[in-house]
>>> print(open('final.pdb').read())   # PDB, C-alpha atoms
ATOM      1  CA  MET A 109      -8.753   7.916  -2.289
ATOM      2  CA  GLY A 110     -10.011  10.372  -4.862
ATOM      3  CA  CYS A 111     -12.613  11.772  -2.545
ATOM      4  CA  ILE A 112     -10.134  13.237  -0.048
ATOM      5  CA  GLU A 113      -8.354  14.998  -2.887
ATOM      6  CA  SER A 114     -11.606  16.621  -3.939
ATOM      7  CA  LEU A 115     -12.097  18.189  -0.496
ATOM      8  CA  LYS A 116     -10.860  21.584   0.631
ATOM      9  CA  TYR A 117      -7.654  20.939   2.580
ATOM     10  CA  GLU A 118      -4.550  22.577   3.971
ATOM     11  CA  ILE A 119      -1.209  20.758   3.760
ATOM     12  CA  ILE A 120       0.517  20.735   7.155
ATOM     13  CA  LEU A 121       3.395  18.348   6.292
ATOM     14  CA  LYS A 122       4.646  17.196   2.908
ATOM     15  CA  ASN A 123       6.698  14.041   2.175
ATOM     16  CA  ALA A 124       6.376  13.072   5.810
ATOM     17  CA  SER A 125       6.753   9.672   7.404
ATOM     18  CA  PHE A 126       3.915   8.240   9.486
ATOM     19  CA  LYS A 127       6.058   8.748  12.568
ATOM     20  CA  GLU A 128       6.461  12.443  11.712
ATOM     21  CA  CYS A 129       2.686  12.706  11.253
ATOM     22  CA  ARG A 130       2.093  10.999  14.603
ATOM     23  CA  ASP A 131       4.658  13.185  16.352
ATOM     24  CA  TYR A 132       3.102  16.339  14.900
ATOM     25  CA  ILE A 133      -0.395  15.310  15.988
ATOM     26  CA  ARG A 134       0.748  14.387  19.508
ATOM     27  CA  GLU A 135       2.737  17.610  19.837
ATOM     28  CA  HIS A 136       0.281  20.090  18.355
ATOM     29  CA  LEU A 137      -3.174  18.704  19.058
ATOM     30  CA  LYS A 138      -4.921  18.125  22.347
ATOM     31  CA  GLU A 139      -7.493  15.794  20.856
ATOM     32  CA  TYR A 140      -6.595  12.792  18.752
ATOM     33  CA  ARG A 141      -7.427   9.142  18.374
ATOM     34  CA  GLU A 142      -5.897   6.042  16.893
ATOM     35  CA  LEU A 143      -7.670   4.569  13.907
ATOM     36  CA  PRO A 144      -7.359   0.934  12.877
ATOM     37  CA  ILE A 145      -6.265   0.227   9.310
ATOM     38  CA  GLY A 146      -9.318  -0.425   7.190
ATOM     39  CA  GLU A 147     -11.484   2.172   8.912
ATOM     40  CA  LYS A 148     -13.003   4.893   6.767
ATOM     41  CA  VAL A 149     -12.454   8.626   7.107
ATOM     42  CA  PHE A 150     -14.169  10.929   4.591
ATOM     43  CA  ASP A 151     -15.407   7.762   2.926
ATOM     44  CA  SER A 152     -11.815   6.654   2.184
ATOM     45  CA  TYR A 153      -9.984   3.767   3.786
ATOM     46  CA  ILE A 154      -7.110   4.674   6.059
ATOM     47  CA  ILE A 155      -3.687   3.787   4.641
ATOM     48  CA  GLY A 156      -0.540   3.658   6.680
ATOM     49  CA  GLN A 157       1.761   2.198   9.261
ATOM     50  CA  PRO A 158      -0.039   1.601  12.561
ATOM     51  CA  PRO A 159      -0.626   3.320  14.846
ATOM     52  CA  VAL A 160      -2.311   5.861  12.574
ATOM     53  CA  LEU A 161      -3.366   8.945  14.519
ATOM     54  CA  ILE A 162      -6.165  11.280  13.456
ATOM     55  CA  GLY A 163      -6.290  14.705  15.102
ATOM     56  CA  LEU A 164      -9.392  16.734  15.887
ATOM     57  CA  ASP A 165      -9.266  20.506  16.281
ATOM     58  CA  GLY A 166     -12.691  22.101  16.510
ATOM     59  CA  ASP A 167     -14.395  21.351  13.226
ATOM     60  CA  ASP A 168     -11.123  20.308  11.555
ATOM     61  CA  VAL A 169      -9.897  16.761  10.994
ATOM     62  CA  ILE A 170      -6.112  16.313  10.740
ATOM     63  CA  LEU A 171      -5.075  13.098   9.009
ATOM     64  CA  PRO A 172      -2.194  11.512   7.080
ATOM     65  CA  PHE A 173      -2.899  10.870   3.414
ATOM     66  CA  THR A 174      -0.641   8.756   1.188
ATOM     67  CA  LYS A 175      -0.315   8.799  -2.600
ATOM     68  CA  PRO A 176       1.997   6.216  -4.229
ATOM     69  CA  CYS A 177       3.927   8.742  -6.332
ATOM     70  CA  HIS A 178       3.841  11.690  -3.940
ATOM     71  CA  GLY A 179       4.414  10.220  -0.488
ATOM     72  CA  THR A 180       2.518  11.032   2.665
ATOM     73  CA  PHE A 181       0.936  14.370   3.505
ATOM     74  CA  LEU A 182      -0.549  15.512   6.780
ATOM     75  CA  LEU A 183      -3.754  17.344   5.883
ATOM     76  CA  ARG A 184      -6.123  19.598   7.788
ATOM     77  CA  ILE A 185      -9.649  19.251   6.414
ATOM     78  CA  PRO A 186     -12.541  21.332   7.752
ATOM     79  CA  SER A 187     -15.613  19.165   8.255
ATOM     80  CA  ALA A 188     -17.875  19.582  11.263
ATOM     81  CA  GLU A 189     -19.785  16.472  10.230
ATOM     82  CA  GLU A 190     -16.735  14.177  10.022
ATOM     83  CA  ALA A 191     -15.199  15.631  13.202
ATOM     84  CA  ALA A 192     -18.459  14.943  15.055
ATOM     85  CA  ARG A 193     -18.630  11.411  13.638
ATOM     86  CA  LEU A 194     -15.068  10.651  14.745
ATOM     87  CA  ARG A 195     -15.708  12.114  18.215
ATOM     88  CA  LYS A 196     -18.788   9.970  18.542
ATOM     89  CA  GLN A 197     -16.814   6.849  17.567
ATOM     90  CA  LYS A 198     -14.197   7.735  20.148
ATOM     91  CA  LYS A 199     -16.679   7.395  23.019
TER      92      LYS A 199
ATOM     93  CA  MET B 215      -7.103 -18.204   5.382
ATOM     94  CA  LYS B 216     -10.086 -17.026   7.333
ATOM     95  CA  GLY B 217     -12.717 -14.360   6.835
ATOM     96  CA  ALA B 218     -12.811 -13.049   3.316
ATOM     97  CA  VAL B 219     -13.525 -14.986   0.174
ATOM     98  CA  GLN B 220     -10.223 -15.881  -1.419
ATOM     99  CA  ASP B 221      -9.500 -16.152  -5.102
ATOM    100  CA  GLU B 222      -9.346 -19.749  -6.272
ATOM    101  CA  PRO B 223      -7.316 -21.839  -6.465
ATOM    102  CA  ARG B 224      -4.132 -20.179  -5.245
ATOM    103  CA  SER B 225      -3.786 -16.466  -5.771
ATOM    104  CA  ALA B 226      -1.172 -13.776  -5.416
ATOM    105  CA  LEU B 227      -1.640 -10.037  -5.262
ATOM    106  CA  LEU B 228       1.121  -7.825  -6.655
ATOM    107  CA  VAL B 229       0.832  -4.325  -5.232
ATOM    108  CA  LEU B 230       2.786  -1.960  -7.433
ATOM    109  CA  GLY B 231       4.227   1.314  -6.175
ATOM    110  CA  CYS B 232       4.952   4.498  -8.050
ATOM    111  CA  PRO B 233       6.578   3.383 -11.326
ATOM    112  CA  GLN B 234       9.391   5.953 -11.171
ATOM    113  CA  VAL B 235      12.005   3.212 -10.569
ATOM    114  CA  PRO B 236      12.437   1.374 -13.902
ATOM    115  CA  VAL B 237      12.841  -2.186 -12.596
ATOM    116  CA  GLN B 238       9.311  -2.357 -11.201
ATOM    117  CA  THR B 239       7.397  -3.063 -14.410
ATOM    118  CA  GLY B 240       9.866  -5.650 -15.718
ATOM    119  CA  ILE B 241      10.032  -7.490 -12.401
ATOM    120  CA  ALA B 242       6.246  -7.408 -12.036
ATOM    121  CA  LEU B 243       5.827  -9.063 -15.457
ATOM    122  CA  TYR B 244       8.550 -11.578 -14.631
ATOM    123  CA  LEU B 245       6.937 -12.429 -11.315
ATOM    124  CA  VAL B 246       3.467 -12.757 -12.870
ATOM    125  CA  ASN B 247       4.831 -15.239 -15.371
ATOM    126  CA  ALA B 248       6.733 -17.203 -12.730
ATOM    127  CA  LEU B 249       3.643 -17.402 -10.493
ATOM    128  CA  LYS B 250       1.437 -18.600 -13.361
ATOM    129  CA  LYS B 251       3.942 -21.344 -14.164
ATOM    130  CA  LYS B 252       3.640 -22.487 -10.555
ATOM    131  CA  GLY B 253      -0.158 -22.586 -10.722
ATOM    132  CA  VAL B 254      -0.727 -19.364  -8.796
ATOM    133  CA  LYS B 255      -3.192 -16.829 -10.197
ATOM    134  CA  PRO B 256      -1.635 -13.334 -10.139
ATOM    135  CA  VAL B 257      -3.639 -10.136  -9.726
ATOM    136  CA  ILE B 258      -1.897  -6.786 -10.174
ATOM    137  CA  ALA B 259      -2.979  -3.664  -8.274
ATOM    138  CA  GLY B 260      -1.545  -0.223  -8.863
ATOM    139  CA  ASN B 261      -2.263   3.393  -9.536
ATOM    140  CA  GLN B 262      -3.091   4.401 -13.081
ATOM    141  CA  ALA B 263       0.512   5.011 -14.180
ATOM    142  CA  ALA B 264       1.722   1.660 -12.838
ATOM    143  CA  ARG B 265      -1.223  -0.198 -14.357
ATOM    144  CA  VAL B 266      -0.876   1.394 -17.790
ATOM    145  CA  LEU B 267       2.834   0.517 -17.874
ATOM    146  CA  VAL B 268       2.192  -3.192 -17.372
ATOM    147  CA  GLU B 269      -0.789  -3.202 -19.735
ATOM    148  CA  VAL B 270       1.139  -1.445 -22.526
ATOM    149  CA  SER B 271       4.100  -3.793 -21.980
ATOM    150  CA  ASP B 272       1.873  -6.860 -22.475
ATOM    151  CA  PRO B 273      -0.860  -5.738 -24.907
ATOM    152  CA  ASP B 274      -2.063  -9.255 -25.739
ATOM    153  CA  ARG B 275      -1.985 -10.221 -22.071
ATOM    154  CA  HIS B 276       0.307 -13.198 -22.511
ATOM    155  CA  TYR B 277       1.551 -12.668 -18.952
ATOM    156  CA  ILE B 278      -0.760 -10.384 -17.024
ATOM    157  CA  GLY B 279      -4.258 -11.368 -16.000
ATOM    158  CA  GLU B 280      -6.493  -9.240 -13.833
ATOM    159  CA  VAL B 281      -5.262  -5.685 -13.231
ATOM    160  CA  ILE B 282      -7.121  -3.566 -10.698
ATOM    161  CA  ASP B 283      -7.015  -0.077  -9.290
ATOM    162  CA  LEU B 284      -5.098   0.215  -6.019
ATOM    163  CA  ASP B 285      -7.931   1.992  -4.184
ATOM    164  CA  ARG B 286     -10.381  -0.686  -5.304
ATOM    165  CA  CYS B 287      -7.967  -3.340  -4.055
ATOM    166  CA  ILE B 288      -7.749  -1.686  -0.612
ATOM    167  CA  ARG B 289     -11.538  -1.348  -0.507
ATOM    168  CA  GLU B 290     -12.130  -5.006  -1.402
ATOM    169  CA  LEU B 291      -9.608  -6.211   1.169
ATOM    170  CA  ALA B 292     -11.033  -3.918   3.864
ATOM    171  CA  GLU B 293     -14.600  -4.997   3.112
ATOM    172  CA  LYS B 294     -13.468  -8.636   3.015
ATOM    173  CA  VAL B 295     -14.875  -9.071  -0.470
ATOM    174  CA  ARG B 296     -11.719 -10.923  -1.451
ATOM    175  CA  ASP B 297      -8.355 -12.010  -0.144
ATOM    176  CA  PHE B 298      -5.192 -13.604  -1.510
ATOM    177  CA  ASN B 299      -2.853 -16.387  -0.409
ATOM    178  CA  LEU B 300       0.197 -14.257  -1.133
ATOM    179  CA  CYS B 301       0.774 -10.513  -1.393
ATOM    180  CA  PHE B 302       3.913  -9.114  -3.010
ATOM    181  CA  VAL B 303       4.231  -5.432  -2.173
ATOM    182  CA  PHE B 304       6.654  -3.443  -4.327
ATOM    183  CA  ILE B 305       8.382  -0.886  -2.119
ATOM    184  CA  HIS B 306      10.964   1.764  -2.916
ATOM    185  CA  ASN B 307       9.807   4.668  -0.760
ATOM    186  CA  ASP B 308       7.868   5.596   2.351
ATOM    187  CA  ALA B 309       4.541   5.502   0.512
ATOM    188  CA  GLY B 310       5.280   1.907  -0.456
ATOM    189  CA  ILE B 311       5.895   1.043   3.201
ATOM    190  CA  SER B 312       2.529   2.601   4.081
ATOM    191  CA  TYR B 313       0.735   0.512   1.479
ATOM    192  CA  GLY B 314       2.624  -2.587   2.621
ATOM    193  CA  ALA B 315       1.551  -2.016   6.228
ATOM    194  CA  THR B 316      -2.025  -1.530   5.051
ATOM    195  CA  ILE B 317      -2.066  -4.730   2.987
ATOM    196  CA  GLN B 318      -0.513  -6.636   5.881
ATOM    197  CA  ALA B 319      -3.241  -5.360   8.223
ATOM    198  CA  LEU B 320      -6.057  -6.220   5.825
ATOM    199  CA  SER B 321      -4.998  -9.497   4.205
ATOM    200  CA  SER B 322      -4.606 -12.895   5.824
ATOM    201  CA  GLY B 323      -2.156 -13.927   3.102
ATOM    202  CA  ALA B 324       1.616 -14.123   3.453
ATOM    203  CA  ILE B 325       3.243 -10.744   2.813
ATOM    204  CA  ILE B 326       6.447 -10.454   0.804
ATOM    205  CA  ALA B 327       7.989  -7.001   0.610
ATOM    206  CA  VAL B 328       9.943  -6.587  -2.637
ATOM    207  CA  VAL B 329      12.239  -3.698  -1.763
ATOM    208  CA  TYR B 330      14.356  -2.097  -4.475
ATOM    209  CA  GLY B 331      15.723   1.266  -5.555
ATOM    210  CA  GLU B 332      18.870   3.186  -4.735
ATOM    211  CA  HIS B 333      18.316   3.008  -0.950
ATOM    212  CA  SER B 334      16.765  -0.444  -0.699
ATOM    213  CA  GLN B 335      18.487  -1.455   2.531
ATOM    214  CA  GLU B 336      17.543   1.728   4.369
ATOM    215  CA  THR B 337      13.980   1.393   3.080
ATOM    216  CA  ALA B 338      13.845  -2.256   4.174
ATOM    217  CA  ASN B 339      15.051  -1.259   7.642
ATOM    218  CA  GLU B 340      12.119   1.162   7.943
ATOM    219  CA  ILE B 341       9.563  -1.614   7.456
ATOM    220  CA  GLY B 342       7.838  -2.151  10.768
ATOM    221  CA  PHE B 343       5.187  -4.709   9.849
ATOM    222  CA  PRO B 344       5.624  -8.499   9.801
ATOM    223  CA  CYS B 345       6.648  -9.767   6.360
ATOM    224  CA  GLU B 346       9.318 -11.584   4.394
ATOM    225  CA  LYS B 347      11.685  -9.102   2.767
ATOM    226  CA  ILE B 348      13.453  -9.335  -0.557
ATOM    227  CA  ALA B 349      15.686  -6.261  -0.557
ATOM    228  CA  VAL B 350      18.048  -5.585  -3.457
ATOM    229  CA  LYS B 351      19.697  -2.403  -4.666
ATOM    230  CA  ALA B 352      18.189  -2.301  -8.156
ATOM    231  CA  VAL B 353      17.203   0.744 -10.172
ATOM    232  CA  HIS B 354      17.716   0.104 -13.903
ATOM    233  CA  ASN B 355      19.088  -3.426 -13.906
ATOM    234  CA  PRO B 356      16.440  -5.963 -12.855
ATOM    235  CA  MET B 357      18.806  -8.963 -12.819
ATOM    236  CA  PRO B 358      19.862  -8.864  -9.122
ATOM    237  CA  LEU B 359      16.206  -8.656  -8.106
ATOM    238  CA  LYS B 360      15.213 -11.386 -10.569
ATOM    239  CA  LYS B 361      17.928 -13.629  -9.122
ATOM    240  CA  LYS B 362      16.635 -13.077  -5.588
ATOM    241  CA  ILE B 363      13.063 -13.784  -6.657
ATOM    242  CA  ASP B 364      14.203 -17.000  -8.361
ATOM    243  CA  GLU B 365      15.774 -18.079  -5.065
ATOM    244  CA  VAL B 366      12.789 -17.234  -2.892
ATOM    245  CA  LEU B 367       9.757 -18.049  -5.046
ATOM    246  CA  PRO B 368       9.897 -21.872  -4.927
ATOM    247  CA  TRP B 369      10.041 -21.751  -1.135
ATOM    248  CA  VAL B 370       7.250 -19.157  -0.907
ATOM    249  CA  VAL B 371       4.914 -21.058  -3.242
ATOM    250  CA  SER B 372       5.644 -24.425  -1.616
ATOM    251  CA  ASN B 373       4.378 -22.989   1.681
ATOM    252  CA  LEU B 374       0.940 -22.132   0.258
TER     253      LEU B 374
END
>>> encode(input="final.pdb", output="structure tokens")
Amino acid sequence: MGCIESLKYEIILKNASFKECRDYIREHLKEYRELPIGEKVFDSYIIGQPPVLIGLDGDDVILPFTKPCHGTFLLRIPSAEEAARLRKQKK
Amino acid sequence: MKGAVQDEPRSALLVLGCPQVPVQTGIALYLVNALKKKGVKPVIAGNQAARVLVEVSDPDRHYIGEVIDLDRCIRELAEKVRDFNLCFVFIHNDAGISYGATIQALSSGAIIAVVYGEHSQETANEIGFPCEKIAVKAVHNPMPLKKKIDEVLPWVVSNL
């Protein structure tokens, strides 16, 4: 998952559970989709407890990201390209 | 098992979590040895810290065999490059549950959650994916967890 760490990101939630990430996305974002485990986002495989929600806010992608020693973070990552790709998949 | 190519003959994946709880490395080595004695090929996956701990603990590799990076393991399971008959997922925190859920979604093998740490029961109760659970309050002393593994392993391996 090194590639997500190398991107420019903003931490929305720290040490969160997947439920907290889902609740935040449902509460704060109008556009989101459920991703199956094993699907790639930013060239990294999605990790987590299903259902894993990914939020879309303009050109930003909001996604949970887990590291074994640091827990789960909810990140906001600006990427028009990835947001467009995920929107296209959604249809 | 269907889909991915599985390791031959019988294989078990041990997914290590963050090594901050001392019992993990000792129990992983114990489990690797016990699996080998039962004719099951063990493969360990972990982040760098977890991998280095097992490799330094067994420098001549009397016990451990293949040790792989956790991200590579997820990638190979997701791309169906390989699969395992059994997956032991070491869990002591929420991140461990996330990895366990991921392995369960990607592998066709039987999933055994090895839950330990100070709050093992609460952690075990948070697990929402189908698996067998071995949950023991163990932080420094591996013996209660070893005892539980000794009870469960013959049954688990006989079902392969």
>>> resolve_selection(input="final.pdb", expression="the PyMOL selection byres ((chain B) within 6 of (chain A))", output="PyMOL selection string")
chain B and resi 231-232+292+309+312+315-316
>>> resolve_selection(input="final.pdb", expression="the PyMOL selection byres ((chain B and resi 305-307) around 8)", output="ChimeraX atom specification")
/A:179 /B:230-231,235,303-304,308-311,314,327-331,333-334,337
>>> closest_residue(input="final.pdb", among="B:Ala352, B:Cys287, B:Val254, B:Val281", to="B:Glu332", atoms="all atoms listed in the file")
B:Ala352
>>> resolve_selection(input="final.pdb", expression="the PyMOL selection byres ((chain B and resi 282) around 7)", output="PyMOL selection string")
chain B and resi 258-260+280-281+283-284+286-287
>>> atom_distance(input="final.pdb", atom1="atom CA of A:Lys138", atom2="atom CA of A:Lys116")
22.8 Å
>>> atom_distance(input="final.pdb", atom1="atom CA of B:Ile363", atom2="atom CA of B:Ile326")
10.5 Å
>>> residues_around(input="final.pdb", residues="B:Arg224", least_positions_apart="2", cutoff="12 Å", atoms="all atoms listed in the file", output="PDB file with C-alpha atoms, in the coordinates of the input")
ATOM      1  CA  MET B 215      -7.103 -18.204   5.382  1.00  0.00           C
ATOM      2  CA  GLN B 220     -10.223 -15.881  -1.419  1.00  0.00           C
ATOM      3  CA  ASP B 221      -9.500 -16.152  -5.102  1.00  0.00           C
ATOM      4  CA  GLU B 222      -9.346 -19.749  -6.272  1.00  0.00           C
ATOM      5  CA  ALA B 226      -1.172 -13.776  -5.416  1.00  0.00           C
ATOM      6  CA  LEU B 227      -1.640 -10.037  -5.262  1.00  0.00           C
ATOM      7  CA  LEU B 249       3.643 -17.402 -10.493  1.00  0.00           C
ATOM      8  CA  LYS B 250       1.437 -18.600 -13.361  1.00  0.00           C
ATOM      9  CA  LYS B 252       3.640 -22.487 -10.555  1.00  0.00           C
ATOM     10  CA  GLY B 253      -0.158 -22.586 -10.722  1.00  0.00           C
ATOM     11  CA  VAL B 254      -0.727 -19.364  -8.796  1.00  0.00           C
ATOM     12  CA  LYS B 255      -3.192 -16.829 -10.197  1.00  0.00           C
ATOM     13  CA  PRO B 256      -1.635 -13.334 -10.139  1.00  0.00           C
ATOM     14  CA  VAL B 257      -3.639 -10.136  -9.726  1.00  0.00           C
ATOM     15  CA  ASP B 297      -8.355 -12.010  -0.144  1.00  0.00           C
ATOM     16  CA  PHE B 298      -5.192 -13.604  -1.510  1.00  0.00           C
ATOM     17  CA  ASN B 299      -2.853 -16.387  -0.409  1.00  0.00           C
ATOM     18  CA  LEU B 300       0.197 -14.257  -1.133  1.00  0.00           C
ATOM     19  CA  CYS B 301       0.774 -10.513  -1.393  1.00  0.00           C
ATOM     20  CA  GLY B 323      -2.156 -13.927   3.102  1.00  0.00           C
ATOM     21  CA  VAL B 371       4.914 -21.058  -3.242  1.00  0.00           C
ATOM     22  CA  SER B 372       5.644 -24.425  -1.616  1.00  0.00           C
ATOM     23  CA  ASN B 373       4.378 -22.989   1.681  1.00  0.00           C
ATOM     24  CA  LEU B 374       0.940 -22.132   0.258  1.00  0.00           C
TER      25      LEU B 374
END
>>> residues_around(input="final.pdb", residues="stretch 184-197 of chain A", least_positions_apart="4", cutoff="7 Å", atoms="all atoms listed in the file", output="list in words")
Lys116, Tyr117, Glu118, Ile119, Ile120, Phe150, Leu164, Asp167, Asp168, Val169, Ile170 and Leu171 of chain A
>>> closest_residue(input="final.pdb", among="B:Ser322, B:Pro356, B:Lys294, B:Glu340", to="B:Leu243", atoms="all atoms listed in the file")
B:Pro356
>>> atom_distance(input="final.pdb", atom1="atom CA of B:Val353", atom2="atom CA of B:Gln318")
25.0 Å
>>> closest_residue(input="final.pdb", among="A:Asp151, A:Glu113, A:Gly166, A:Leu121", to="A:Glu139", atoms="only C-alpha atoms")
A:Gly166
>>> residues_around(input="final.pdb", residues="A:Arg141", least_positions_apart="5", cutoff="7 Å", atoms="only C-alpha atoms", output="PDB file with C-alpha atoms, keeping the file's coordinate frame")
ATOM      1  CA  LEU A 161      -3.366   8.945  14.519  1.00  0.00           C
ATOM      2  CA  ILE A 162      -6.165  11.280  13.456  1.00  0.00           C
ATOM      3  CA  GLY A 163      -6.290  14.705  15.102  1.00  0.00           C
TER       4      GLY A 163
END
>>> decode(input="final.pdb", residues="stretch 183-191 of chain A", atoms="all heavy atoms", output="PDB file, in the first residue's frame")
ATOM      1  N   LEU A 183      -8.949   8.996   4.608  1.00  0.00           N
ATOM      2  CA  LEU A 183      -8.121   9.976   3.899  1.00  0.00           C
ATOM      3  C   LEU A 183      -8.911  10.668   2.794  1.00  0.00           C
ATOM      4  O   LEU A 183      -9.780  10.071   2.160  1.00  0.00           O
ATOM      5  CB  LEU A 183      -6.908   9.277   3.261  1.00  0.00           C
ATOM      6  CG  LEU A 183      -5.970   8.487   4.171  1.00  0.00           C
ATOM      7  CD1 LEU A 183      -4.853   7.845   3.336  1.00  0.00           C
ATOM      8  CD2 LEU A 183      -5.371   9.372   5.255  1.00  0.00           C
ATOM      9  N   ARG A 184      -8.575  11.920   2.571  1.00  0.00           N
ATOM     10  CA  ARG A 184      -9.091  12.661   1.414  1.00  0.00           C
ATOM     11  C   ARG A 184      -7.911  12.877   0.475  1.00  0.00           C
ATOM     12  O   ARG A 184      -6.905  13.500   0.851  1.00  0.00           O
ATOM     13  CB  ARG A 184      -9.673  13.996   1.870  1.00  0.00           C
ATOM     14  CG  ARG A 184     -10.130  14.898   0.708  1.00  0.00           C
ATOM     15  CD  ARG A 184     -10.601  16.240   1.222  1.00  0.00           C
ATOM     16  NE  ARG A 184     -11.910  16.157   1.854  1.00  0.00           N
ATOM     17  CZ  ARG A 184     -13.069  16.321   1.218  1.00  0.00           C
ATOM     18  NH1 ARG A 184     -13.070  16.584  -0.085  1.00  0.00           N
ATOM     19  NH2 ARG A 184     -14.207  16.251   1.868  1.00  0.00           N
ATOM     20  N   ILE A 185      -8.013  12.347  -0.731  1.00  0.00           N
ATOM     21  CA  ILE A 185      -6.896  12.436  -1.679  1.00  0.00           C
ATOM     22  C   ILE A 185      -7.379  13.110  -2.965  1.00  0.00           C
ATOM     23  O   ILE A 185      -8.300  12.603  -3.623  1.00  0.00           O
ATOM     24  CB  ILE A 185      -6.342  11.027  -2.017  1.00  0.00           C
ATOM     25  CG1 ILE A 185      -5.896  10.317  -0.727  1.00  0.00           C
ATOM     26  CG2 ILE A 185      -5.180  11.119  -3.006  1.00  0.00           C
ATOM     27  CD1 ILE A 185      -5.419   8.886  -0.925  1.00  0.00           C
ATOM     28  N   PRO A 186      -6.795  14.268  -3.302  1.00  0.00           N
ATOM     29  CA  PRO A 186      -7.206  14.919  -4.547  1.00  0.00           C
ATOM     30  C   PRO A 186      -6.653  14.183  -5.769  1.00  0.00           C
ATOM     31  O   PRO A 186      -5.447  13.960  -5.853  1.00  0.00           O
ATOM     32  CB  PRO A 186      -6.597  16.326  -4.440  1.00  0.00           C
ATOM     33  CG  PRO A 186      -5.620  16.288  -3.322  1.00  0.00           C
ATOM     34  CD  PRO A 186      -5.766  15.003  -2.574  1.00  0.00           C
ATOM     35  N   SER A 187      -7.544  13.762  -6.646  1.00  0.00           N
ATOM     36  CA  SER A 187      -7.126  13.111  -7.881  1.00  0.00           C
ATOM     37  C   SER A 187      -8.310  13.087  -8.857  1.00  0.00           C
ATOM     38  O   SER A 187      -9.211  12.249  -8.736  1.00  0.00           O
ATOM     39  CB  SER A 187      -6.641  11.684  -7.628  1.00  0.00           C
ATOM     40  OG  SER A 187      -6.448  11.023  -8.866  1.00  0.00           O
ATOM     41  N   ALA A 188      -8.291  14.044  -9.774  1.00  0.00           N
ATOM     42  CA  ALA A 188      -9.381  14.121 -10.750  1.00  0.00           C
ATOM     43  C   ALA A 188      -9.462  12.829 -11.560  1.00  0.00           C
ATOM     44  O   ALA A 188     -10.551  12.324 -11.856  1.00  0.00           O
ATOM     45  CB  ALA A 188      -9.155  15.320 -11.669  1.00  0.00           C
ATOM     46  N   GLU A 189      -8.286  12.280 -11.862  1.00  0.00           N
ATOM     47  CA  GLU A 189      -8.231  11.076 -12.697  1.00  0.00           C
ATOM     48  C   GLU A 189      -8.887   9.872 -11.997  1.00  0.00           C
ATOM     49  O   GLU A 189      -9.702   9.170 -12.579  1.00  0.00           O
ATOM     50  CB  GLU A 189      -6.760  10.776 -12.996  1.00  0.00           C
ATOM     51  CG  GLU A 189      -6.539   9.732 -14.049  1.00  0.00           C
ATOM     52  CD  GLU A 189      -5.055   9.397 -14.221  1.00  0.00           C
ATOM     53  OE1 GLU A 189      -4.197  10.248 -13.880  1.00  0.00           O
ATOM     54  OE2 GLU A 189      -4.764   8.286 -14.654  1.00  0.00           O
ATOM     55  N   GLU A 190      -8.526   9.673 -10.713  1.00  0.00           N
ATOM     56  CA  GLU A 190      -9.070   8.520  -9.981  1.00  0.00           C
ATOM     57  C   GLU A 190     -10.559   8.719  -9.680  1.00  0.00           C
ATOM     58  O   GLU A 190     -11.337   7.759  -9.738  1.00  0.00           O
ATOM     59  CB  GLU A 190      -8.267   8.309  -8.680  1.00  0.00           C
ATOM     60  CG  GLU A 190      -8.534   7.003  -7.976  1.00  0.00           C
ATOM     61  CD  GLU A 190      -8.089   5.759  -8.775  1.00  0.00           C
ATOM     62  OE1 GLU A 190      -7.565   5.906  -9.887  1.00  0.00           O
ATOM     63  OE2 GLU A 190      -8.301   4.660  -8.260  1.00  0.00           O
ATOM     64  N   ALA A 191     -10.941   9.976  -9.368  1.00  0.00           N
ATOM     65  CA  ALA A 191     -12.364  10.251  -9.117  1.00  0.00           C
ATOM     66  C   ALA A 191     -13.175   9.951 -10.374  1.00  0.00           C
ATOM     67  O   ALA A 191     -14.252   9.335 -10.291  1.00  0.00           O
ATOM     68  CB  ALA A 191     -12.544  11.706  -8.682  1.00  0.00           C
TER      69      ALA A 191
END
